[in-house]
Amino acid sequence: MAADPRLEILPRFQIQAINRGTESALITGVFSRLDGIAGDARGWLFVSESESSIADIVTLQGQLAGLDVPNWSMTDHVTVGAMLPWLDSRWQARDLAFMLDRTREWRRVTYEATDAVVFAKKTLRCAKCGWTGDASTTGLLSCPKCSGELKEVEIFGNQEAAFSLNPDARFVETRPRFWDHDHCLICDVAIGRDEPYGYRESSFAGGPNSVGLWFCERCFDRYLGRQDFSFLVRRSVSG
């Protein structure tokens, strides 16, 4: 697969060796540069939405690095000699693939608040360390983190009313126009609260707010509208 020139901003990882284990593979190789890369970081060996591999940096000596890749995330693109873009885990591979798709059409829309449903869900909580887990887990008698006592409690959450609740959730109430904002993928500004307009891909425009990607006007004009992906390697986005 030919490299997308729009991703030249990303460091690349050239694979030198692959050592497969029972649960994961140790991938050794060299980063083209170290911009935004640190030991113990997590990221993607990016190819596409479905063929990117999640990886943890387990060793880093200069530009030489060892990556731990779960076996379930290995693809045919992870081969000795391959040079793949490294995408920090702040970003999702599926979102980047969506943004790179030139067939997508983006629309400027006014954010309209929608109804939200408040629900309660049973969970296990450790009174000692605060660990929480699925209350439907059978045979769990003590906290797997500290061996403390577990108690079953209810936690509350909310979601857009357009979607059905999970079977293990208990309906509490509907709050009119409570879903009143979503965040810009790049700068995290609250669209709907701090900014009245945003950009959405046309197939999502007019649908539930919590589905798809949102961009504020400033980030869309500065980055996505120009096909500038330099925000991928910046620690923060300023005006």
# chains A, B, ... in the order shown; residues from 1 in each chain; ligands from 1

$ closest_atom_pairs --of "segment 181-236 of chain A" --to "segment 93-107 of chain A" --cutoff "8 Å" --atoms "only C-alpha atoms" --output "Markdown table"
| residue | atom | partner | partner_atom | distance |
| --- | --- | --- | --- | --- |
| A:Tyr199 | CA | A:Arg107 | CA | 5.4 |
| A:Arg200 | CA | A:Arg107 | CA | 5.4 |
| A:Glu201 | CA | A:Trp106 | CA | 4.3 |
| A:Ser202 | CA | A:Trp106 | CA | 5.4 |
| A:Ala205 | CA | A:Arg107 | CA | 7.2 |
| A:Leu213 | CA | A:Asp95 | CA | 7.8 |
| A:Leu224 | CA | A:Met99 | CA | 7.6 |

$ residues_around --residues "Ala38 of chain A" --least-positions-apart "4" --cutoff "12 Å" --atoms "only C-alpha atoms" --output "list in words"
Phe31, Arg33, Leu34, Arg42, Gly43, Asp56, Ile57, Val58, Thr59, Leu60, Gln61, Gly62, Gln63, Leu64, Ala65, Gly66, Leu67 and Asp88 of chain A

$ residues_around --residues "Val118 of chain A" --least-positions-apart "5" --cutoff "12 Å" --atoms "only C-alpha atoms" --output "MDAnalysis selection string"
chainID A and resid 155:161 163:165 169:176 178:179

$ write_last_selection --atoms "C-alpha atoms" --output "short mmCIF file (atom, residue, chain, number, x, y, z; two decimals), in the first residue's frame"
data_model
loop_
_atom_site.label_atom_id
_atom_site.label_comp_id
_atom_site.auth_asym_id
_atom_site.auth_seq_id
_atom_site.Cartn_x
_atom_site.Cartn_y
_atom_site.Cartn_z
CA ILE A 155 -23.75 4.02 38.96
CA PHE A 156 -25.56 6.58 36.85
CA GLY A 157 -24.93 7.67 33.30
CA ASN A 158 -26.70 9.28 30.38
CA GLN A 159 -26.98 8.88 26.63
CA GLU A 160 -28.94 10.39 23.79
CA ALA A 161 -32.59 9.35 23.86
CA PHE A 163 -30.69 5.04 21.23
CA SER A 164 -32.03 2.03 23.14
CA LEU A 165 -30.63 1.30 26.57
CA ALA A 169 -29.29 -0.70 32.36
CA ARG A 170 -32.26 0.61 34.35
CA PHE A 171 -34.16 3.60 32.98
CA VAL A 172 -34.28 6.55 35.42
CA GLU A 173 -35.67 9.54 33.51
CA THR A 174 -35.66 11.51 30.27
CA ARG A 175 -34.20 15.03 30.36
CA PRO A 176 -35.35 17.31 27.51
CA PHE A 178 -29.97 17.68 28.07
CA TRP A 179 -27.53 16.45 25.38
#

$ select_by_dssp --residues "segment 15-232 of chain A" --states "alpha helix (DSSP H)" --output "PDB file with N, CA, C and O atoms, in the first residue's frame"
ATOM      1  N   ALA A  93      -7.337   5.084  15.053  1.00  0.00           N
ATOM      2  CA  ALA A  93      -7.040   4.776  13.650  1.00  0.00           C
ATOM      3  C   ALA A  93      -8.284   4.946  12.784  1.00  0.00           C
ATOM      4  O   ALA A  93      -8.201   5.445  11.654  1.00  0.00           O
ATOM      5  N   ARG A  94      -9.449   4.549  13.297  1.00  0.00           N
ATOM      6  CA  ARG A  94     -10.671   4.655  12.501  1.00  0.00           C
ATOM      7  C   ARG A  94     -11.010   6.109  12.202  1.00  0.00           C
ATOM      8  O   ARG A  94     -11.512   6.433  11.114  1.00  0.00           O
ATOM      9  N   ASP A  95     -10.735   7.017  13.163  1.00  0.00           N
ATOM     10  CA  ASP A  95     -11.035   8.433  12.952  1.00  0.00           C
ATOM     11  C   ASP A  95     -10.096   9.032  11.910  1.00  0.00           C
ATOM     12  O   ASP A  95     -10.525   9.824  11.056  1.00  0.00           O
ATOM     13  N   LEU A  96      -8.813   8.672  11.981  1.00  0.00           N
ATOM     14  CA  LEU A  96      -7.868   9.186  10.997  1.00  0.00           C
ATOM     15  C   LEU A  96      -8.217   8.681   9.605  1.00  0.00           C
ATOM     16  O   LEU A  96      -8.194   9.439   8.629  1.00  0.00           O
ATOM     17  N   ALA A  97      -8.563   7.403   9.492  1.00  0.00           N
ATOM     18  CA  ALA A  97      -8.951   6.863   8.191  1.00  0.00           C
ATOM     19  C   ALA A  97     -10.172   7.600   7.643  1.00  0.00           C
ATOM     20  O   ALA A  97     -10.262   7.880   6.439  1.00  0.00           O
ATOM     21  N   PHE A  98     -11.096   7.947   8.518  1.00  0.00           N
ATOM     22  CA  PHE A  98     -12.296   8.679   8.117  1.00  0.00           C
ATOM     23  C   PHE A  98     -11.920  10.065   7.597  1.00  0.00           C
ATOM     24  O   PHE A  98     -12.435  10.513   6.561  1.00  0.00           O
ATOM     25  N   MET A  99     -11.002  10.739   8.289  1.00  0.00           N
ATOM     26  CA  MET A  99     -10.597  12.081   7.880  1.00  0.00           C
ATOM     27  C   MET A  99      -9.812  12.065   6.570  1.00  0.00           C
ATOM     28  O   MET A  99      -9.853  13.028   5.792  1.00  0.00           O
ATOM     29  N   LEU A 100      -9.082  10.990   6.322  1.00  0.00           N
ATOM     30  CA  LEU A 100      -8.282  10.886   5.108  1.00  0.00           C
ATOM     31  C   LEU A 100      -9.123  10.567   3.871  1.00  0.00           C
ATOM     32  O   LEU A 100      -8.662  10.758   2.739  1.00  0.00           O
ATOM     33  N   GLU A 217     -15.388  25.274  13.883  1.00  0.00           N
ATOM     34  CA  GLU A 217     -15.118  26.001  12.640  1.00  0.00           C
ATOM     35  C   GLU A 217     -13.635  26.335  12.490  1.00  0.00           C
ATOM     36  O   GLU A 217     -13.066  26.227  11.398  1.00  0.00           O
ATOM     37  N   ARG A 218     -13.007  26.736  13.582  1.00  0.00           N
ATOM     38  CA  ARG A 218     -11.608  27.146  13.504  1.00  0.00           C
ATOM     39  C   ARG A 218     -10.720  25.977  13.101  1.00  0.00           C
ATOM     40  O   ARG A 218      -9.870  26.103  12.211  1.00  0.00           O
ATOM     41  N   CYS A 219     -10.911  24.809  13.728  1.00  0.00           N
ATOM     42  CA  CYS A 219     -10.062  23.660  13.410  1.00  0.00           C
ATOM     43  C   CYS A 219     -10.352  23.112  12.017  1.00  0.00           C
ATOM     44  O   CYS A 219      -9.441  22.669  11.321  1.00  0.00           O
ATOM     45  N   PHE A 220     -11.620  23.156  11.616  1.00  0.00           N
ATOM     46  CA  PHE A 220     -11.927  22.672  10.273  1.00  0.00           C
ATOM     47  C   PHE A 220     -11.258  23.546   9.225  1.00  0.00           C
ATOM     48  O   PHE A 220     -10.633  23.046   8.279  1.00  0.00           O
ATOM     49  N   ASP A 221     -11.378  24.869   9.388  1.00  0.00           N
ATOM     50  CA  ASP A 221     -10.785  25.787   8.406  1.00  0.00           C
ATOM     51  C   ASP A 221      -9.268  25.699   8.408  1.00  0.00           C
ATOM     52  O   ASP A 221      -8.638  25.768   7.349  1.00  0.00           O
ATOM     53  N   ARG A 222      -8.696  25.532   9.585  1.00  0.00           N
ATOM     54  CA  ARG A 222      -7.232  25.533   9.700  1.00  0.00           C
ATOM     55  C   ARG A 222      -6.607  24.215   9.275  1.00  0.00           C
ATOM     56  O   ARG A 222      -5.517  24.203   8.685  1.00  0.00           O
TER      57      ARG A 222
END

$ residues_around --residues "Leu140 of chain A" --least-positions-apart "4" --cutoff "12 Å" --atoms "only C-alpha atoms" --output "MDAnalysis selection string"
chainID A and resid 124:126 132:136 144:145 147:152

$ closest_residue --among "A:Val233, A:Leu45, A:Gly39, A:Ser142" --to "Ser73 of chain A" --atoms "only C-alpha atoms"
A:Leu45

$ select_by_dssp --residues "segment 19-202 of chain A" --states "strand (DSSP E)" --output "ChimeraX atom specification"
/A:19-20,24-31,42-45,53-61,64-70,83-88,106-110,114-126,132-134,150-160,169-179,182-183,190-191,197-201

$ residues_around --residues "Pro11 of chain A" --least-positions-apart "6" --cutoff "6 Å" --atoms "only C-alpha atoms" --output "PyMOL selection string"
chain A and resi 32-33+85-86

$ write_last_selection --atoms "N, CA, C and O atoms" --output "short mmCIF file (atom, residue, chain, number, x, y, z; two decimals), in the first residue's frame"
data_model
loop_
_atom_site.label_atom_id
_atom_site.label_comp_id
_atom_site.auth_asym_id
_atom_site.auth_seq_id
_atom_site.Cartn_x
_atom_site.Cartn_y
_atom_site.Cartn_z
N SER A 32 11.86 6.93 12.54
CA SER A 32 12.50 7.90 11.66
C SER A 32 12.88 9.17 12.41
O SER A 32 13.87 9.84 12.08
N ARG A 33 12.12 9.50 13.42
CA ARG A 33 12.42 10.63 14.32
C ARG A 33 11.62 10.43 15.59
O ARG A 33 10.73 9.58 15.65
N PRO A 85 3.60 4.46 9.36
CA PRO A 85 3.41 5.67 10.17
C PRO A 85 3.05 5.31 11.61
O PRO A 85 2.29 4.36 11.84
N TRP A 86 3.59 6.07 12.56
CA TRP A 86 3.27 5.89 13.97
C TRP A 86 2.29 6.98 14.39
O TRP A 86 2.57 8.17 14.32
#

$ atom_distance --atom1 "atom CA of Asp228 of chain A" --atom2 "atom CA of Asp40 of chain A"
27.9 Å

$ residues_around --residues "Ile18 of chain A" --least-positions-apart "6" --cutoff "9 Å" --atoms "only C-alpha atoms" --output "PyMOL selection string"
chain A and resi 25-28+78-80

$ closest_residue --among "A:Thr22, A:Asn71, A:Ser210, A:Ser48" --to "Leu84 of chain A" --atoms "only C-alpha atoms"
A:Ser48

$ decode --residues "segment 175-189 of chain A" --atoms "all heavy atoms" --output "CSV table (one decimal), in the first residue's frame"
chain,number,residue,atom,x,y,z
A,175,ARG,N,-34.4,13.6,30.1
A,175,ARG,CA,-34.2,15.0,30.4
A,175,ARG,C,-34.2,15.8,29.0
A,175,ARG,O,-33.3,15.6,28.2
A,175,ARG,CB,-32.9,15.3,31.1
A,175,ARG,CG,-32.8,14.7,32.5
A,175,ARG,CD,-31.5,15.0,33.2
A,175,ARG,NE,-31.5,14.4,34.5
A,175,ARG,CZ,-30.5,14.6,35.4
A,175,ARG,NH1,-29.4,15.3,35.0
A,175,ARG,NH2,-30.6,14.0,36.6
A,176,PRO,N,-35.2,16.6,28.8
A,176,PRO,CA,-35.3,17.3,27.5
A,176,PRO,C,-34.1,18.2,27.2
A,176,PRO,O,-33.7,18.9,28.1
A,176,PRO,CB,-36.6,18.2,27.7
A,176,PRO,CG,-37.4,17.4,28.8
A,176,PRO,CD,-36.4,16.9,29.7
A,177,ARG,N,-33.6,18.1,26.0
A,177,ARG,CA,-32.5,18.9,25.5
A,177,ARG,C,-31.3,18.9,26.4
A,177,ARG,O,-30.5,19.9,26.5
A,177,ARG,CB,-33.0,20.4,25.3
A,177,ARG,CG,-34.1,20.5,24.3
A,177,ARG,CD,-34.5,21.9,24.1
A,177,ARG,NE,-33.4,22.8,23.6
A,177,ARG,CZ,-33.0,22.9,22.4
A,177,ARG,NH1,-33.6,22.2,21.4
A,177,ARG,NH2,-32.0,23.7,22.0
A,178,PHE,N,-31.1,17.8,27.1
A,178,PHE,CA,-30.0,17.7,28.1
A,178,PHE,C,-28.7,17.4,27.3
A,178,PHE,O,-27.6,17.8,27.8
A,178,PHE,CB,-30.3,16.6,29.1
A,178,PHE,CG,-29.2,16.4,30.2
A,178,PHE,CD1,-29.2,17.4,31.2
A,178,PHE,CD2,-28.3,15.4,30.2
A,178,PHE,CE1,-28.2,17.3,32.2
A,178,PHE,CE2,-27.4,15.3,31.2
A,178,PHE,CZ,-27.3,16.2,32.2
A,179,TRP,N,-28.7,16.7,26.2
A,179,TRP,CA,-27.5,16.5,25.4
A,179,TRP,C,-27.3,17.7,24.6
A,179,TRP,O,-27.7,17.9,23.5
A,179,TRP,CB,-27.7,15.2,24.5
A,179,TRP,CG,-26.4,14.7,24.0
A,179,TRP,CD1,-25.7,15.1,22.9
A,179,TRP,CD2,-25.7,13.6,24.5
A,179,TRP,NE1,-24.6,14.4,22.8
A,179,TRP,CE2,-24.5,13.4,23.7
A,179,TRP,CE3,-25.9,12.8,25.6
A,179,TRP,CZ2,-23.6,12.5,24.0
A,179,TRP,CZ3,-25.0,11.8,25.9
A,179,TRP,CH2,-23.8,11.6,25.1
A,180,ASP,N,-26.5,18.6,25.2
A,180,ASP,CA,-26.4,20.0,24.6
A,180,ASP,C,-25.0,20.3,24.1
A,180,ASP,O,-24.7,21.5,23.7
A,180,ASP,CB,-26.7,21.0,25.7
A,180,ASP,CG,-25.8,21.0,26.9
A,180,ASP,OD1,-24.9,20.2,26.9
A,180,ASP,OD2,-26.1,21.8,27.8
A,181,HIS,N,-24.1,19.4,24.0
A,181,HIS,CA,-22.8,19.7,23.3
A,181,HIS,C,-22.0,18.4,23.0
A,181,HIS,O,-22.3,17.3,23.6
A,181,HIS,CB,-21.9,20.5,24.3
A,181,HIS,CG,-21.4,19.8,25.4
A,181,HIS,ND1,-22.1,19.4,26.5
A,181,HIS,CD2,-20.1,19.2,25.7
A,181,HIS,CE1,-21.4,18.7,27.4
A,181,HIS,NE2,-20.2,18.6,26.9
A,182,ASP,N,-21.2,18.5,22.1
A,182,ASP,CA,-20.1,17.5,21.8
A,182,ASP,C,-18.8,18.2,21.5
A,182,ASP,O,-18.8,19.5,21.3
A,182,ASP,CB,-20.5,16.7,20.5
A,182,ASP,CG,-21.6,15.6,20.9
A,182,ASP,OD1,-21.1,14.5,21.3
A,182,ASP,OD2,-22.8,15.8,20.8
A,183,HIS,N,-17.7,17.5,21.5
A,183,HIS,CA,-16.4,18.2,21.5
A,183,HIS,C,-15.7,18.1,20.2
A,183,HIS,O,-15.8,17.0,19.5
A,183,HIS,CB,-15.5,17.6,22.6
A,183,HIS,CG,-16.0,17.9,24.0
A,183,HIS,ND1,-15.6,19.0,24.6
A,183,HIS,CD2,-16.8,17.2,24.8
A,183,HIS,CE1,-16.2,19.0,25.8
A,183,HIS,NE2,-16.9,17.9,26.0
A,184,CYS,N,-15.1,19.1,19.8
A,184,CYS,CA,-14.2,19.1,18.6
A,184,CYS,C,-13.1,18.1,18.8
A,184,CYS,O,-12.5,18.0,19.8
A,184,CYS,CB,-13.6,20.5,18.4
A,184,CYS,SG,-12.4,20.6,17.1
A,185,LEU,N,-13.0,17.3,17.8
A,185,LEU,CA,-12.0,16.2,17.9
A,185,LEU,C,-10.6,16.7,18.1
A,185,LEU,O,-9.8,16.1,18.7
A,185,LEU,CB,-12.0,15.3,16.6
A,185,LEU,CG,-11.1,14.1,16.6
A,185,LEU,CD1,-11.6,13.0,17.6
A,185,LEU,CD2,-11.0,13.5,15.2
A,186,ILE,N,-10.3,17.9,17.5
A,186,ILE,CA,-8.9,18.4,17.6
A,186,ILE,C,-8.6,19.2,18.8
A,186,ILE,O,-7.7,18.9,19.5
A,186,ILE,CB,-8.6,19.2,16.3
A,186,ILE,CG1,-8.7,18.3,15.0
A,186,ILE,CG2,-7.2,19.8,16.4
A,186,ILE,CD1,-8.5,19.0,13.7
A,187,CYS,N,-9.4,20.2,19.1
A,187,CYS,CA,-9.1,21.1,20.2
A,187,CYS,C,-10.0,20.9,21.4
A,187,CYS,O,-9.7,21.5,22.5
A,187,CYS,CB,-9.2,22.6,19.7
A,187,CYS,SG,-10.9,23.2,19.5
A,188,ASP,N,-11.0,20.1,21.3
A,188,ASP,CA,-11.9,19.7,22.4
A,188,ASP,C,-12.8,20.8,22.9
A,188,ASP,O,-13.5,20.7,23.9
A,188,ASP,CB,-11.0,19.3,23.6
A,188,ASP,CG,-11.8,18.3,24.5
A,188,ASP,OD1,-12.5,17.4,24.0
A,188,ASP,OD2,-11.7,18.4,25.8
A,189,VAL,N,-13.0,21.9,22.1
A,189,VAL,CA,-13.9,22.9,22.5
A,189,VAL,C,-15.3,22.3,22.5
A,189,VAL,O,-15.6,21.4,21.7
A,189,VAL,CB,-13.9,24.1,21.5
A,189,VAL,CG1,-14.3,23.8,20.1
A,189,VAL,CG2,-14.7,25.3,22.1
